[in-house]
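See below for model_17.txt, which holds compact mmCIF, C-alpha atoms.
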```
# COMPACT_ATOMS: atom_id res chain seq x y z
CA MET A 1 269.57 65.51 23.32
CA SER A 2 270.16 64.13 19.85
CA ASP A 3 272.73 65.48 17.45
CA TYR A 4 270.31 64.99 14.55
CA TRP A 5 267.98 67.63 13.18
CA GLY A 6 265.35 65.30 11.79
CA TYR A 7 264.12 61.78 11.25
CA HIS A 8 262.81 60.66 7.87
CA LEU A 9 260.96 57.44 7.12
CA ILE A 10 260.59 56.55 3.45
CA LEU A 11 258.19 53.67 2.82
CA ASP A 12 257.27 52.10 -0.54
CA ALA A 13 254.44 49.55 -0.35
CA SER A 14 252.99 47.23 -2.98
CA GLY A 15 250.04 44.87 -2.89
CA CYS A 16 247.90 47.37 -1.01
CA ASP A 17 244.18 46.69 -0.71
CA ALA A 18 242.61 48.35 -3.76
CA ASP A 19 239.56 49.70 -1.93
CA SER A 20 241.60 51.17 0.93
CA ILE A 21 243.89 53.27 -1.30
CA ARG A 22 240.87 54.54 -3.27
CA SER A 23 239.00 55.70 -0.18
CA LYS A 24 239.45 59.30 0.91
CA ASP A 25 237.76 58.43 4.21
CA ASN A 26 240.23 55.59 4.85
CA ILE A 27 243.22 57.78 3.98
CA SER A 28 241.92 60.50 6.31
CA ALA A 29 241.40 58.02 9.16
CA PHE A 30 244.88 56.59 8.50
CA VAL A 31 246.71 59.89 8.79
CA LYS A 32 244.80 60.92 11.92
CA ASP A 33 245.63 57.60 13.57
CA LEU A 34 249.24 57.76 12.38
CA VAL A 35 249.75 61.25 13.83
CA ASN A 36 248.37 60.04 17.15
CA LYS A 37 250.32 56.78 17.30
CA ILE A 38 253.70 58.36 16.48
CA ASP A 39 252.99 61.07 19.07
CA MET A 40 252.87 64.07 16.75
CA VAL A 41 250.57 67.09 16.67
CA ALA A 42 248.68 67.84 13.45
CA PHE A 43 248.85 71.39 12.19
CA GLY A 44 245.50 71.89 10.49
CA ASP A 45 243.53 69.32 8.56
CA PRO A 46 245.09 66.95 6.04
CA ILE A 47 244.95 67.81 2.35
CA ILE A 48 243.77 64.77 0.41
CA GLU A 49 243.23 65.21 -3.33
CA HIS A 50 242.55 62.73 -6.13
CA PHE A 51 244.15 63.58 -9.46
CA GLY A 52 246.43 62.39 -12.25
CA ASP A 53 245.95 60.33 -15.39
CA GLY A 54 246.86 56.80 -16.36
CA ASN A 55 249.54 55.25 -14.21
CA LYS A 56 249.84 58.45 -12.12
CA GLN A 57 246.20 58.52 -10.98
CA GLY A 58 245.42 58.33 -7.28
CA TYR A 59 245.14 60.22 -4.03
CA THR A 60 247.89 62.40 -2.64
CA LEU A 61 248.01 63.21 1.06
CA ILE A 62 249.77 66.10 2.79
CA GLN A 63 249.55 66.51 6.56
CA MET A 64 251.58 69.22 8.22
CA ILE A 65 252.67 68.39 11.74
CA GLU A 66 254.11 70.82 14.27
CA THR A 67 257.55 69.31 13.69
CA SER A 68 257.38 69.03 9.85
CA ASN A 69 255.17 66.89 7.56
CA ILE A 70 253.73 63.62 6.37
CA SER A 71 253.10 63.02 2.67
CA ALA A 72 251.91 60.06 0.63
CA HIS A 73 250.83 59.16 -2.87
CA PHE A 74 248.59 56.20 -3.67
CA VAL A 75 248.86 54.74 -7.19
CA GLU A 76 245.63 53.07 -8.32
CA GLU A 77 247.04 51.36 -11.40
CA ASN A 78 249.18 48.97 -9.38
CA ASN A 79 247.88 49.40 -5.80
CA THR A 80 251.06 50.93 -4.43
CA MET A 81 251.73 53.58 -1.80
CA TYR A 82 254.67 55.93 -1.30
CA LEU A 83 254.94 57.51 2.16
CA ASP A 84 257.34 60.03 3.69
CA ILE A 85 257.37 61.10 7.34
CA PHE A 86 259.82 63.83 8.26
CA SER A 87 260.00 65.24 11.78
CA CYS A 88 262.58 66.99 13.91
CA LYS A 89 260.93 65.21 16.85
CA PRO A 90 261.97 61.55 17.14
CA TYR A 91 259.34 58.86 16.50
CA ASP A 92 259.22 55.09 16.17
CA PRO A 93 259.28 54.06 12.49
CA VAL A 94 258.11 50.54 13.40
CA THR A 95 254.90 52.02 14.80
CA ALA A 96 254.36 53.95 11.57
CA ILE A 97 254.85 50.78 9.52
CA GLU A 98 252.30 48.93 11.65
CA VAL A 99 249.72 51.68 11.01
CA VAL A 100 250.35 51.43 7.25
CA LYS A 101 249.85 47.66 7.39
CA GLU A 102 246.63 48.06 9.38
CA TYR A 103 245.00 50.57 7.02
CA PHE A 104 246.28 49.38 3.63
CA LYS A 105 246.67 45.62 4.23
CA THR A 106 250.11 45.40 2.68
CA THR A 107 252.78 42.88 3.60
CA ASN A 108 255.09 43.96 0.77
CA TYR A 109 257.11 47.03 1.61
CA ARG A 110 260.59 48.42 1.82
CA THR A 111 261.80 51.25 3.97
CA ALA A 112 264.69 53.58 4.56
CA PHE A 113 265.09 55.55 7.76
CA LEU A 114 267.38 58.55 7.68
CA GLU A 115 268.72 60.58 10.55
CA ARG A 116 269.05 64.00 8.95
CA LEU A 117 271.68 66.60 9.70
CA ALA A 118 272.90 69.38 7.44
CA PRO A 119 276.69 69.51 7.01
CA PRO A 120 278.57 72.06 9.11
CA THR A 121 279.20 75.44 7.55
CA THR A 122 282.72 76.56 6.86
CA GLU A 123 283.93 79.98 7.83
CA SER A 124 285.68 82.00 5.08
```
For this file, produce the structure as structure tokens.
Amino acid sequence: MSDYWGYHLILDASGCDADSIRSKDNISAFVKDLVNKIDMVAFGDPIIEHFGDGNKQGYTLIQMIETSNISAHFVEENNTMYLDIFSCKPYDPVTAIEVVKEYFKTTNYRTAFLERLAPPTTES
């Protein structure tokens, strides 16, 4: 049993394939495959909405999972993607990165992986 409460992958990707980040169908297929490959259980359907103006325009994805959530924003102006996966169930971040590379054709990314744990409370 782990001492951590949650696991949080933060991924910033540039040089994404322009068509893939502009396709609601591709983003939907991505998140369904991601949930499966990191061994999570989706809670409901993903929310995928296109909105924003100028350099903020693009799709945003929210997928609740039984152990927390997956969110992403896709920026059309510069073909970038910003992904967060938080789960209290452990998962392999390398697998998640491979799914991102498969669906969005990026080779330019940086990540941070946090093992989350709230600080202990103090008794007064």
Query raised in the report: A:Thr107, A:Thr122, A:Ser87, A:Gln63: which is nearest Ser28 of chain A, counting only C-alpha atoms?
Result: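 Distance minimum relative to Ser28 of chain A lands on A:Gln63.
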Requested in this report: Return the single residue from A:Cys88, A:Tyr109, A:Glu77, A:Val31 that is closest to Leu61 of chain A, with distances computed using only C-alpha atoms.
Outcome: A:Val31
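Here atom CA of Asp17 of chain A and atom CA of Val75 of chain A stand 11.3 Å from one another.
The residue set within 10 Å of Ile97 of chain A, counting only C-alpha atoms and dropping same-chain residues fewer than 4 places from it, reads Leu9, Leu11, Ala13, Leu34, Leu83, Asp92, Pro93, Lys101, Glu102, Thr106, Tyr109, Arg110 and Thr111 of chain A.
With all atoms listed in the file as the basis for measurement, A:Ile85 is the residue among A:Ile47, A:Val100, A:Ile62, A:Ile85 that approaches Gly6 of chain A most closely.
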Query - Selected residue of minimal separation from Trp5 of chain A among A:Pro90, A:Phe113, A:Ala96, A:Met81, counting only C-alpha atoms - result: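 Residue with the minimum atom-to-atom distance to Trp5 of chain A: A:Pro90.
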**Report entry** Spatial neighbours of Ala118 of chain A, max dist 12 Å, all atoms listed in the file, sep filter under 2 positions, as a list in words
**Finding:** Asp3, Tyr4, Trp5, Gly6, Glu115, Arg116, Pro120 and Thr121 of chain A
Query raised in the report: Within 6 Å of (250.6, 59.5, -4.4), all atoms listed in the file: residues as a list in words?
Result: Tyr59, Thr60, Ala72, His73, Phe74 and Val75 of chain A
Query - Interatomic distance, atom CA of Asn36 of chain A to atom CA of Ser20 of chain A (Å, one decimal) - result: 19.7 Å
Saving segment 33-46 of chain A with C-alpha atoms, as an mmCIF file, in the first residue's frame, what would that file be?
```cif
data_model
loop_
_atom_site.group_PDB
_atom_site.id
_atom_site.type_symbol
_atom_site.label_atom_id
_atom_site.label_comp_id
_atom_site.auth_asym_id
_atom_site.auth_seq_id
_atom_site.Cartn_x
_atom_site.Cartn_y
_atom_site.Cartn_z
ATOM 1 C CA ASP A 33 -7.906 4.796 -25.406
ATOM 2 C CA LEU A 34 -5.945 6.592 -22.678
ATOM 3 C CA VAL A 35 -8.438 5.578 -19.976
ATOM 4 C CA ASN A 36 -8.182 1.971 -21.131
ATOM 5 C CA LYS A 37 -4.393 1.858 -21.459
ATOM 6 C CA ILE A 38 -3.709 3.381 -18.021
ATOM 7 C CA ASP A 39 -6.251 0.969 -16.511
ATOM 8 C CA MET A 40 -8.808 3.492 -15.314
ATOM 9 C CA VAL A 41 -12.604 3.456 -15.391
ATOM 10 C CA ALA A 42 -14.401 6.368 -17.062
ATOM 11 C CA PHE A 43 -17.214 7.959 -15.109
ATOM 12 C CA GLY A 44 -19.625 9.107 -17.799
ATOM 13 C CA ASP A 45 -18.753 10.434 -21.218
ATOM 14 C CA PRO A 46 -15.984 12.955 -21.831
#
```
